[in-house]
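Participant: Below are the structure tokens for one structure; questions will follow.
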Amino acid sequence: MTFVVTGGNGSLGRHVVAALPGAKAVSRSTGTDLLRGTGLNALRADVVVHCATSFRREVDMARAVLSARPAHLVYISIVGCDRVPLPYYKQKHAAERLIADSGVPHTILRATQFHSLLRRMFDGTSKLPLMVVPGFAFQPVDEAEVGLELASLAQAAPSGVAPEMGGPEIREAVDYARMYLAATGKKRTLVPLKVPGATYRAYRAGGNLTPGRAVCERTFADYLSG
């Protein structure tokens, strides 16, 4: 089989490319722009693993990939995209529906937030003496493990909706922030943030978690230690 990975040079896609024999990474840097619809011939393959993403035009990107009509499309989505009314989550859920209704054989894998997302969030919020953190829990997962699962799914028959992937620990964000501070040697006062609205309530209710699918091994502490 031939494999193409959109966003194959990104933080997730590179792990997929490394795990798939002969996989080709495509992105804007290689001449394929999914939003402009240019270079789409590069998507001609037996299997396309769609890791490229857009916070505002996720559906448009999915539509461009579907236009190549691969024999199997593997799509990475987010746990809780149908429960948490965050705009980006809504985009991911709409892309899922588009793919499911397209007639293209597909596999959709939902994963919880990546370790790297929490790291970037804490890098940003730790710039001030008072470090504001979300007032809800996370179940972060390692990108390398998700990449391996995507590669495995790409080499199997299309399954529609794959079992969700979640990290090995569910903890409040403040606990992960303490791990981050200890690993980086920073001293900050942590301030859990509670805000009104449906999005916060959905997070607080665990909409971003998949407790029964803690199938990965690498913890956030492992990630921070390198």
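Convention: chains lettered A, B, ... in structure tokens order; per-chain residue numbering from 1; ligands numbered from 1 as shown.
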Fewer than 6 positions away in the same chain doesn't count, so skip those; otherwise give me all residues within 7 Å of region 174-179 of chain A, counting only C-alpha atoms, as a PyMOL selection string.
Facilitator: chain A and resi 122+133+192+221
Participant: Just want the 10 Å neighbourhood of Ala202 (chain A), counted on only C-alpha atoms, with same-chain residues fewer than 5 positions away dropped. Output as a list of chain:residue names.
Facilitator: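 Residues meeting the cut-off are A:Gly80, A:Arg83, A:Val84, A:Pro85, A:Leu86, A:Phe136, A:Gly197, A:Gly207, A:Asn208.
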Participant: So the first atom is CA of Gly212 (chain A) and the second is CA of Pro140 (chain A); what is the distance between them in Å, to one decimal place?
Facilitator: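 It comes out at 14.0 Å.
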Participant: Which residue is closest to Ser159 (chain A)? Choose from A:Lys90, A:Lys187, A:His115, A:His72 and count only C-alpha atoms.
Facilitator: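 Going through A:Lys90, A:Lys187, A:His115, A:His72 one by one, the smallest distance to Ser159 (chain A) is for A:His72.
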Participant: Taking the chain letters and numbering used in this document, name the residues of region 142-184 of chain A that DSSP puts in strand (DSSP E), as number ranges by chain.
Facilitator: A: 160-161, 171-172
Participant: Quick one: residues within 7 Å of Gly135 (chain A), only C-alpha atoms counted, chain neighbours fewer than 3 positions away excluded, as a list in words?
Facilitator: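 Using only C-alpha atoms, the neighbours found are Ala173, Pro192, Leu193 and Lys194 of chain A.
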Participant: Generate the output file for the selected residues, N, CA, C and O atoms, as a JSON list (two decimals), in the first residue's frame.
Facilitator:
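New file result.json:
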```
[["chain", "number", "residue", "atom", "x", "y", "z"],
["A", 173, "ALA", "N", -5.94, 20.31, 36.36],
["A", 173, "ALA", "CA", -4.90, 21.08, 35.67],
["A", 173, "ALA", "C", -3.88, 21.63, 36.65],
["A", 173, "ALA", "O", -2.68, 21.72, 36.33],
["A", 192, "PRO", "N", -6.35, 28.63, 40.03],
["A", 192, "PRO", "CA", -7.34, 27.92, 39.19],
["A", 192, "PRO", "C", -8.40, 28.90, 38.69],
["A", 192, "PRO", "O", -8.93, 29.70, 39.46],
["A", 193, "LEU", "N", -8.69, 28.84, 37.40],
["A", 193, "LEU", "CA", -9.64, 29.76, 36.78],
["A", 193, "LEU", "C", -10.99, 29.08, 36.59],
["A", 193, "LEU", "O", -11.08, 28.01, 35.99],
["A", 194, "LYS", "N", -12.02, 29.72, 37.11],
["A", 194, "LYS", "CA", -13.39, 29.26, 36.90],
["A", 194, "LYS", "C", -14.16, 30.37, 36.19],
["A", 194, "LYS", "O", -14.17, 31.51, 36.63]]
```
Participant: Please report, as CSV, each residue of region 53-154 of chain A lying at most 10 Å from region 7-30 of chain A, together with the nearest pair of atoms and the separation in Å rounded to one decimal; use only C-alpha atoms, and order rows by chain and ascending residue number.
Facilitator:
```
residue,atom,partner,partner_atom,distance
A:Thr53,CA,A:Gly7,CA,7.6
A:Ile76,CA,A:Leu12,CA,9.8
A:Phe114,CA,A:Leu12,CA,9.4
A:Ser116,CA,A:Ser11,CA,8.9
A:Asp142,CA,A:Leu12,CA,9.4
A:Glu143,CA,A:Leu12,CA,5.6
A:Ala144,CA,A:His15,CA,5.6
A:Glu145,CA,A:His15,CA,8.4
A:Val146,CA,A:Leu12,CA,7.7
A:Gly147,CA,A:Val16,CA,4.6
A:Leu148,CA,A:Val16,CA,6.1
A:Glu149,CA,A:Val16,CA,8.3
A:Leu150,CA,A:Val16,CA,6.5
A:Ala151,CA,A:Val16,CA,5.4
A:Ser152,CA,A:Leu20,CA,8.3
A:Ala154,CA,A:Leu20,CA,8.3
```
Participant: Mind dumping the selected residues with C-alpha atoms as an mmCIF file, in the first residue's frame?
Facilitator:
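New file out-v8.cif:
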```cif
data_model
loop_
_atom_site.group_PDB
_atom_site.id
_atom_site.type_symbol
_atom_site.label_atom_id
_atom_site.label_comp_id
_atom_site.auth_asym_id
_atom_site.auth_seq_id
_atom_site.Cartn_x
_atom_site.Cartn_y
_atom_site.Cartn_z
ATOM 1 C CA THR A 53 -5.408 20.874 11.053
ATOM 2 C CA ILE A 76 -7.400 12.288 13.955
ATOM 3 C CA PHE A 114 -1.487 16.016 23.934
ATOM 4 C CA SER A 116 2.718 19.170 24.314
ATOM 5 C CA ASP A 142 1.665 11.269 24.251
ATOM 6 C CA GLU A 143 1.803 12.266 20.578
ATOM 7 C CA ALA A 144 4.225 9.461 19.740
ATOM 8 C CA GLU A 145 1.788 6.858 21.054
ATOM 9 C CA VAL A 146 -1.077 8.418 19.110
ATOM 10 C CA GLY A 147 1.114 8.467 16.015
ATOM 11 C CA LEU A 148 1.832 4.760 16.374
ATOM 12 C CA GLU A 149 -1.881 4.030 16.707
ATOM 13 C CA LEU A 150 -2.678 6.062 13.597
ATOM 14 C CA ALA A 151 -0.012 4.137 11.695
ATOM 15 C CA SER A 152 -1.509 0.849 12.891
ATOM 16 C CA ALA A 154 -3.680 2.991 8.438
#
```
Participant: With a distance cut-off of 7 Å and only C-alpha atoms, select the neighbouring residues of Ala137 (chain A), excluding the residue or stretch itself and same-chain residues fewer than 6 positions from it, and output the selection as number ranges by chain.
Facilitator: A: 170-173
Participant: Could the residues in this selection be written to a file with all heavy atoms, as a CSV table (one decimal), in the first residue's frame?
Facilitator:
```csv
chain,number,residue,atom,x,y,z
A,170,ILE,N,-5.7,10.9,34.9
A,170,ILE,CA,-6.7,12.0,34.9
A,170,ILE,C,-6.4,12.8,36.2
A,170,ILE,O,-6.6,12.3,37.3
A,170,ILE,CB,-8.2,11.5,34.9
A,170,ILE,CG1,-8.4,10.8,33.6
A,170,ILE,CG2,-9.1,12.7,35.1
A,170,ILE,CD1,-9.8,10.2,33.5
A,171,ARG,N,-6.0,14.1,36.0
A,171,ARG,CA,-5.7,15.0,37.1
A,171,ARG,C,-6.2,16.4,36.8
A,171,ARG,O,-6.4,16.8,35.7
A,171,ARG,CB,-4.2,15.0,37.4
A,171,ARG,CG,-3.6,13.7,37.9
A,171,ARG,CD,-2.1,13.9,38.0
A,171,ARG,NE,-1.4,12.7,38.4
A,171,ARG,CZ,-1.0,12.5,39.7
A,171,ARG,NH1,-1.3,13.4,40.6
A,171,ARG,NH2,-0.4,11.4,40.0
A,172,GLU,N,-6.4,17.1,37.9
A,172,GLU,CA,-6.8,18.5,37.7
A,172,GLU,C,-5.6,19.3,37.1
A,172,GLU,O,-4.4,18.9,37.3
A,172,GLU,CB,-7.1,19.2,39.1
A,172,GLU,CG,-8.4,18.6,39.7
A,172,GLU,CD,-9.7,19.0,38.9
A,172,GLU,OE1,-9.7,20.2,38.4
A,172,GLU,OE2,-10.5,18.1,38.7
A,173,ALA,N,-5.9,20.3,36.4
A,173,ALA,CA,-4.9,21.1,35.7
A,173,ALA,C,-3.9,21.6,36.6
A,173,ALA,O,-2.7,21.7,36.3
A,173,ALA,CB,-5.5,22.2,34.9
```
Participant: Suppose you want the space between CA of Asp33 (chain A) and CA of Ala52 (chain A); what is it in Å?
Facilitator: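 Value for the CA of Asp33 (chain A)-CA of Ala52 (chain A) distance: 10.2 Å.
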Participant: Using only C-alpha atoms, which residue out of A:Thr125, A:Gln91, A:Thr199, A:Thr219 lies closest to Gln139 (chain A)?
Facilitator: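 Looking only at the distances to Gln139 (chain A), the closest residue turns out to be A:Thr219.
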Participant: Looking at only C-alpha atoms, which of A:Arg63, A:Glu58, A:Met1, A:Ser77 is the one that sits closest to Ala45 (chain A)?
Facilitator: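 Closest residue, counting only C-alpha atoms: A:Met1.
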Participant: Apply DSSP to the structure's backbone, then extract all residues of region 174-217 of chain A labelled alpha helix (DSSP H) and return them as number ranges by chain.
Facilitator: A: 174-184, 198-204
Participant: What does the file look like for those residues with N, CA and C atoms, as a PDB file, in the first residue's frame?
Facilitator:
```pdb
ATOM      1  N   VAL A 174      -4.317  21.997  37.844  1.00  0.00           N
ATOM      2  CA  VAL A 174      -3.391  22.548  38.833  1.00  0.00           C
ATOM      3  C   VAL A 174      -2.329  21.515  39.225  1.00  0.00           C
ATOM      4  N   ASP A 175      -2.682  20.231  39.215  1.00  0.00           N
ATOM      5  CA  ASP A 175      -1.700  19.191  39.524  1.00  0.00           C
ATOM      6  C   ASP A 175      -0.642  19.100  38.426  1.00  0.00           C
ATOM      7  N   TYR A 176      -1.096  19.167  37.172  1.00  0.00           N
ATOM      8  CA  TYR A 176      -0.140  19.149  36.071  1.00  0.00           C
ATOM      9  C   TYR A 176       0.729  20.405  36.090  1.00  0.00           C
ATOM     10  N   ALA A 177       0.148  21.533  36.479  1.00  0.00           N
ATOM     11  CA  ALA A 177       0.922  22.772  36.562  1.00  0.00           C
ATOM     12  C   ALA A 177       2.027  22.646  37.607  1.00  0.00           C
ATOM     13  N   ARG A 178       1.734  21.988  38.722  1.00  0.00           N
ATOM     14  CA  ARG A 178       2.760  21.778  39.747  1.00  0.00           C
ATOM     15  C   ARG A 178       3.906  20.912  39.194  1.00  0.00           C
ATOM     16  N   MET A 179       3.546  19.879  38.407  1.00  0.00           N
ATOM     17  CA  MET A 179       4.581  19.057  37.783  1.00  0.00           C
ATOM     18  C   MET A 179       5.452  19.903  36.859  1.00  0.00           C
ATOM     19  N   TYR A 180       4.800  20.761  36.099  1.00  0.00           N
ATOM     20  CA  TYR A 180       5.521  21.627  35.160  1.00  0.00           C
ATOM     21  C   TYR A 180       6.473  22.552  35.907  1.00  0.00           C
ATOM     22  N   LEU A 181       6.001  23.170  36.986  1.00  0.00           N
ATOM     23  CA  LEU A 181       6.847  24.088  37.755  1.00  0.00           C
ATOM     24  C   LEU A 181       8.038  23.352  38.361  1.00  0.00           C
ATOM     25  N   ALA A 182       7.789  22.151  38.867  1.00  0.00           N
ATOM     26  CA  ALA A 182       8.884  21.379  39.447  1.00  0.00           C
ATOM     27  C   ALA A 182       9.923  21.006  38.386  1.00  0.00           C
ATOM     28  N   ALA A 183       9.461  20.670  37.197  1.00  0.00           N
ATOM     29  CA  ALA A 183      10.373  20.253  36.134  1.00  0.00           C
ATOM     30  C   ALA A 183      11.170  21.422  35.568  1.00  0.00           C
ATOM     31  N   THR A 184      10.575  22.614  35.575  1.00  0.00           N
ATOM     32  CA  THR A 184      11.241  23.782  34.986  1.00  0.00           C
ATOM     33  C   THR A 184      11.946  24.650  36.020  1.00  0.00           C
ATOM     34  N   ALA A 198     -21.138  27.560  28.868  1.00  0.00           N
ATOM     35  CA  ALA A 198     -21.349  26.154  28.547  1.00  0.00           C
ATOM     36  C   ALA A 198     -20.045  25.404  28.313  1.00  0.00           C
ATOM     37  N   THR A 199     -19.045  26.081  27.737  1.00  0.00           N
ATOM     38  CA  THR A 199     -17.780  25.401  27.453  1.00  0.00           C
ATOM     39  C   THR A 199     -17.088  24.980  28.741  1.00  0.00           C
ATOM     40  N   TYR A 200     -17.012  25.913  29.696  1.00  0.00           N
ATOM     41  CA  TYR A 200     -16.374  25.575  30.971  1.00  0.00           C
ATOM     42  C   TYR A 200     -17.145  24.462  31.680  1.00  0.00           C
ATOM     43  N   ARG A 201     -18.470  24.542  31.666  1.00  0.00           N
ATOM     44  CA  ARG A 201     -19.265  23.509  32.333  1.00  0.00           C
ATOM     45  C   ARG A 201     -19.012  22.144  31.712  1.00  0.00           C
ATOM     46  N   ALA A 202     -18.875  22.111  30.386  1.00  0.00           N
ATOM     47  CA  ALA A 202     -18.633  20.833  29.710  1.00  0.00           C
ATOM     48  C   ALA A 202     -17.269  20.257  30.091  1.00  0.00           C
ATOM     49  N   TYR A 203     -16.257  21.119  30.153  1.00  0.00           N
ATOM     50  CA  TYR A 203     -14.939  20.663  30.603  1.00  0.00           C
ATOM     51  C   TYR A 203     -14.999  20.175  32.047  1.00  0.00           C
ATOM     52  N   ARG A 204     -15.646  20.973  32.894  1.00  0.00           N
ATOM     53  CA  ARG A 204     -15.709  20.637  34.306  1.00  0.00           C
ATOM     54  C   ARG A 204     -16.443  19.313  34.522  1.00  0.00           C
TER      55      ARG A 204
END
```
